[in-house]
Amino acid sequence: MSLFALFYLLFAYLLGSISSAILLCRLLGLPDPRENGSHNPGATNVLRIGGRWAALAVLLFDILKGMLPVWAGYYLGLTQFELGMVALGACLGHIFPIFFQFKGGKGVATAFGAIAPIAWGVAGSMIGTWLLVFLISGYSSLSAVITALAVPFYVWWFKPEFTFPVALVCCLLVYRHHDNIQRLWRGQEDKVWNKLKKK
């Protein structure tokens with residue numbers, strides 16, 4: 001990697017480290033998402049503790065902080081490998097944010113934003129898979145895990161040169177959902193609409 005790409009990777013990590021869930025909850029006077037609900041500073045937990053509009057704002061910000069560095073990287077002349085590392089850096093920032101004691105969210109929205117610029121076909125396939133699994137099961141976590149497992153195959157089909165770095169991102173996502181996977185296996189995971197009923 002070039003020296004510029006390394007500095008740009010650091011920039012992507014720092015941008016990813018900005019936790020919109022924590023900051024927005026502070027601005028709106030909502031409970032700290034790290035200490036309430038599922039204790040995860042992400043859009044799904046903000047939906048539970050703060051409602052749909054707060055969750056939508058968090059979702060959009062988290063997508064953009066993954067998407068913008070990768071998209072800009074295309075125009076800055078980064079190689080395909082460097083772009084993949086930038087995507088990984090943004091996701092690592094969200095999951096292990098330097099500004100919040102390295103305790104962040106699960107990275108689903110940021111990973112989607114980082115991977116989507118690769119190709120419209122990849123973005124559409126990710127959205128379609130997530131929605132299909134969610135509408136059938138009602139589990140946001142299950143939708144994220146299955147989508148993460150499928151995305152490397154979509155990338156291999158549309159843009160195979162990005163398969164390795166995207167696979168690294170997806171492995172990270174599956175790892176961050178290990179608690180959810182255990183709850184799903186035990187039948188203890190809440191469906192999204194059940195979370196809203198409990199609010």
# chains A, B, ... in the order shown; residues from 1 in each chain; ligands from 1
$ residues_around --residues "Met67 of chain A" --least-positions-apart "4" --cutoff "10 Å" --atoms "only C-alpha atoms" --output "PyMOL selection string"
chain A and resi 12+61-63+71-73+87+90+109-118
$ write_last_selection --atoms "N, CA, C and O atoms" --output "PDB file, in the first residue's frame"
ATOM      1  N   ALA A  12     -10.292   6.716   7.317  1.00  0.00           N
ATOM      2  CA  ALA A  12     -11.517   5.914   7.266  1.00  0.00           C
ATOM      3  C   ALA A  12     -11.812   5.294   8.623  1.00  0.00           C
ATOM      4  O   ALA A  12     -12.969   5.237   9.062  1.00  0.00           O
ATOM      5  N   PHE A  61     -26.391   7.741   8.906  1.00  0.00           N
ATOM      6  CA  PHE A  61     -25.034   8.187   9.221  1.00  0.00           C
ATOM      7  C   PHE A  61     -24.053   7.024   9.154  1.00  0.00           C
ATOM      8  O   PHE A  61     -22.951   7.150   8.600  1.00  0.00           O
ATOM      9  N   ASP A  62     -24.443   5.883   9.704  1.00  0.00           N
ATOM     10  CA  ASP A  62     -23.547   4.730   9.724  1.00  0.00           C
ATOM     11  C   ASP A  62     -23.279   4.207   8.309  1.00  0.00           C
ATOM     12  O   ASP A  62     -22.167   3.751   8.009  1.00  0.00           O
ATOM     13  N   ILE A  63     -24.286   4.258   7.455  1.00  0.00           N
ATOM     14  CA  ILE A  63     -24.075   3.861   6.058  1.00  0.00           C
ATOM     15  C   ILE A  63     -23.103   4.819   5.375  1.00  0.00           C
ATOM     16  O   ILE A  63     -22.160   4.398   4.692  1.00  0.00           O
ATOM     17  N   TRP A  71     -16.125   5.471  -1.752  1.00  0.00           N
ATOM     18  CA  TRP A  71     -16.508   6.160  -2.977  1.00  0.00           C
ATOM     19  C   TRP A  71     -15.455   7.199  -3.365  1.00  0.00           C
ATOM     20  O   TRP A  71     -15.027   7.282  -4.525  1.00  0.00           O
ATOM     21  N   ALA A  72     -15.015   7.996  -2.399  1.00  0.00           N
ATOM     22  CA  ALA A  72     -13.994   9.002  -2.676  1.00  0.00           C
ATOM     23  C   ALA A  72     -12.677   8.349  -3.086  1.00  0.00           C
ATOM     24  O   ALA A  72     -11.929   8.891  -3.910  1.00  0.00           O
ATOM     25  N   GLY A  73     -12.411   7.172  -2.517  1.00  0.00           N
ATOM     26  CA  GLY A  73     -11.181   6.463  -2.855  1.00  0.00           C
ATOM     27  C   GLY A  73     -11.079   6.095  -4.323  1.00  0.00           C
ATOM     28  O   GLY A  73      -9.979   6.058  -4.895  1.00  0.00           O
ATOM     29  N   ALA A  87     -12.432   0.023   3.194  1.00  0.00           N
ATOM     30  CA  ALA A  87     -13.732  -0.482   3.655  1.00  0.00           C
ATOM     31  C   ALA A  87     -13.588  -1.203   4.992  1.00  0.00           C
ATOM     32  O   ALA A  87     -14.383  -1.001   5.919  1.00  0.00           O
ATOM     33  N   ALA A  90     -12.999   1.368   7.854  1.00  0.00           N
ATOM     34  CA  ALA A  90     -14.216   2.043   8.309  1.00  0.00           C
ATOM     35  C   ALA A  90     -15.033   1.135   9.229  1.00  0.00           C
ATOM     36  O   ALA A  90     -15.562   1.585  10.253  1.00  0.00           O
ATOM     37  N   ALA A 109     -24.563  -1.679   9.153  1.00  0.00           N
ATOM     38  CA  ALA A 109     -24.862  -0.549   8.267  1.00  0.00           C
ATOM     39  C   ALA A 109     -23.589   0.028   7.653  1.00  0.00           C
ATOM     40  O   ALA A 109     -23.552   0.368   6.469  1.00  0.00           O
ATOM     41  N   THR A 110     -22.522   0.130   8.447  1.00  0.00           N
ATOM     42  CA  THR A 110     -21.257   0.662   7.935  1.00  0.00           C
ATOM     43  C   THR A 110     -20.668  -0.275   6.885  1.00  0.00           C
ATOM     44  O   THR A 110     -20.139   0.178   5.863  1.00  0.00           O
ATOM     45  N   ALA A 111     -20.762  -1.569   7.114  1.00  0.00           N
ATOM     46  CA  ALA A 111     -20.271  -2.537   6.127  1.00  0.00           C
ATOM     47  C   ALA A 111     -21.077  -2.447   4.830  1.00  0.00           C
ATOM     48  O   ALA A 111     -20.510  -2.496   3.728  1.00  0.00           O
ATOM     49  N   PHE A 112     -22.396  -2.289   4.963  1.00  0.00           N
ATOM     50  CA  PHE A 112     -23.213  -2.133   3.760  1.00  0.00           C
ATOM     51  C   PHE A 112     -22.771  -0.903   2.977  1.00  0.00           C
ATOM     52  O   PHE A 112     -22.590  -0.957   1.756  1.00  0.00           O
ATOM     53  N   GLY A 113     -22.578   0.213   3.684  1.00  0.00           N
ATOM     54  CA  GLY A 113     -22.146   1.435   3.015  1.00  0.00           C
ATOM     55  C   GLY A 113     -20.798   1.286   2.349  1.00  0.00           C
ATOM     56  O   GLY A 113     -20.567   1.806   1.250  1.00  0.00           O
ATOM     57  N   ALA A 114     -19.879   0.558   2.994  1.00  0.00           N
ATOM     58  CA  ALA A 114     -18.535   0.381   2.455  1.00  0.00           C
ATOM     59  C   ALA A 114     -18.515  -0.558   1.254  1.00  0.00           C
ATOM     60  O   ALA A 114     -17.714  -0.375   0.326  1.00  0.00           O
ATOM     61  N   ILE A 115     -19.379  -1.567   1.257  1.00  0.00           N
ATOM     62  CA  ILE A 115     -19.382  -2.557   0.184  1.00  0.00           C
ATOM     63  C   ILE A 115     -20.237  -2.127  -1.003  1.00  0.00           C
ATOM     64  O   ILE A 115     -19.939  -2.451  -2.156  1.00  0.00           O
ATOM     65  N   ALA A 116     -21.297  -1.358  -0.756  1.00  0.00           N
ATOM     66  CA  ALA A 116     -22.254  -0.982  -1.799  1.00  0.00           C
ATOM     67  C   ALA A 116     -21.621  -0.312  -3.026  1.00  0.00           C
ATOM     68  O   ALA A 116     -22.048  -0.586  -4.152  1.00  0.00           O
ATOM     69  N   PRO A 117     -20.608   0.574  -2.868  1.00  0.00           N
ATOM     70  CA  PRO A 117     -20.056   1.226  -4.056  1.00  0.00           C
ATOM     71  C   PRO A 117     -19.350   0.289  -5.037  1.00  0.00           C
ATOM     72  O   PRO A 117     -19.043   0.699  -6.167  1.00  0.00           O
ATOM     73  N   ILE A 118     -19.087  -0.938  -4.637  1.00  0.00           N
ATOM     74  CA  ILE A 118     -18.398  -1.873  -5.528  1.00  0.00           C
ATOM     75  C   ILE A 118     -19.195  -2.078  -6.812  1.00  0.00           C
ATOM     76  O   ILE A 118     -18.650  -2.065  -7.916  1.00  0.00           O
TER      77      ILE A 118
END
$ select_by_dssp --residues "segment 28-160 of chain A" --states "helix (DSSP H, G or I)" --output "PyMOL selection string"
chain A and resi 28+43-50+52-75+80-95+98-100+108-118+120-137+140-158+160
$ atom_distance --atom1 "atom CA of Leu184 of chain A" --atom2 "atom CA of Ile49 of chain A"
21.6 Å
$ residues_around --residues "Val155 of chain A" --least-positions-apart "5" --cutoff "8 Å" --atoms "only C-alpha atoms" --output "ChimeraX atom specification"
/A:118,122,160,162-163,166
$ write_last_selection --atoms "N, CA and C atoms" --output "PDB file, in the first residue's frame"
ATOM      1  N   ILE A 118     -19.087  -0.938  -4.637  1.00  0.00           N
ATOM      2  CA  ILE A 118     -18.398  -1.873  -5.528  1.00  0.00           C
ATOM      3  C   ILE A 118     -19.195  -2.078  -6.812  1.00  0.00           C
ATOM      4  N   VAL A 122     -24.224  -5.694  -6.402  1.00  0.00           N
ATOM      5  CA  VAL A 122     -23.871  -6.136  -5.058  1.00  0.00           C
ATOM      6  C   VAL A 122     -24.779  -5.462  -4.035  1.00  0.00           C
ATOM      7  N   PRO A 160     -15.027  -9.843  -8.897  1.00  0.00           N
ATOM      8  CA  PRO A 160     -14.238 -10.849  -8.158  1.00  0.00           C
ATOM      9  C   PRO A 160     -12.952 -10.320  -7.538  1.00  0.00           C
ATOM     10  N   PHE A 162     -12.555  -7.915  -5.664  1.00  0.00           N
ATOM     11  CA  PHE A 162     -12.803  -7.405  -4.313  1.00  0.00           C
ATOM     12  C   PHE A 162     -13.185  -8.511  -3.327  1.00  0.00           C
ATOM     13  N   THR A 163     -13.193  -9.744  -3.764  1.00  0.00           N
ATOM     14  CA  THR A 163     -13.729 -10.822  -2.936  1.00  0.00           C
ATOM     15  C   THR A 163     -12.984 -10.971  -1.614  1.00  0.00           C
ATOM     16  N   VAL A 166     -13.595  -8.044   0.991  1.00  0.00           N
ATOM     17  CA  VAL A 166     -15.000  -8.083   1.407  1.00  0.00           C
ATOM     18  C   VAL A 166     -15.251  -9.287   2.310  1.00  0.00           C
TER      19      VAL A 166
END
$ residues_around --residues "Lys106 of chain A" --least-positions-apart "6" --cutoff "8 Å" --atoms "only C-alpha atoms" --output "number ranges by chain"
A: 40, 42, 94-95, 173, 176-177
$ residues_around --residues "Ala21 of chain A" --least-positions-apart "6" --cutoff "10 Å" --atoms "only C-alpha atoms" --output "list in words"
Asp32, Pro33, Arg34, Asn40, Pro41, Gly42, Ala43, Thr44, Asn45, Val46, Ala54, Ala55, Ala57, Val58, Leu59, Phe61, Asp62, Gly104 and Gly105 of chain A
$ residues_around --residues "segment 97-99 of chain A" --least-positions-apart "6" --cutoff "10 Å" --atoms "only C-alpha atoms" --output "number ranges by chain"
A: 13-19, 90-91, 105
$ write_last_selection --atoms "N, CA and C atoms" --output "short mmCIF file (atom, residue, chain, number, x, y, z; two decimals), in the first residue's frame"
data_model
loop_
_atom_site.label_atom_id
_atom_site.label_comp_id
_atom_site.auth_asym_id
_atom_site.auth_seq_id
_atom_site.Cartn_x
_atom_site.Cartn_y
_atom_site.Cartn_z
N TYR A 13 -10.75 4.84 9.31
CA TYR A 13 -10.94 4.27 10.65
C TYR A 13 -11.46 5.33 11.63
N LEU A 14 -10.88 6.52 11.59
CA LEU A 14 -11.31 7.59 12.50
C LEU A 14 -12.74 8.02 12.21
N LEU A 15 -13.10 8.10 10.92
CA LEU A 15 -14.48 8.43 10.56
C LEU A 15 -15.43 7.34 11.05
N GLY A 16 -15.03 6.10 10.88
CA GLY A 16 -15.85 4.99 11.37
C GLY A 16 -16.01 4.99 12.87
N SER A 17 -15.03 5.58 13.57
CA SER A 17 -15.07 5.60 15.03
C SER A 17 -16.08 6.58 15.61
N ILE A 18 -16.66 7.43 14.77
CA ILE A 18 -17.67 8.37 15.24
C ILE A 18 -18.99 7.61 15.42
N SER A 19 -19.40 7.41 16.64
CA SER A 19 -20.62 6.64 16.92
C SER A 19 -21.85 7.53 16.88
N ALA A 90 -13.00 1.37 7.85
CA ALA A 90 -14.22 2.04 8.31
C ALA A 90 -15.03 1.13 9.23
N CYS A 91 -15.11 -0.15 8.88
CA CYS A 91 -15.87 -1.09 9.71
C CYS A 91 -15.18 -1.33 11.05
N GLY A 105 -20.46 -0.68 17.76
CA GLY A 105 -21.58 -1.48 17.28
C GLY A 105 -21.13 -2.71 16.51
#
$ closest_residue --among "A:Val70, A:Leu172, A:Ala144, A:Leu27" --to "Met85 of chain A" --atoms "only C-alpha atoms"
A:Val70
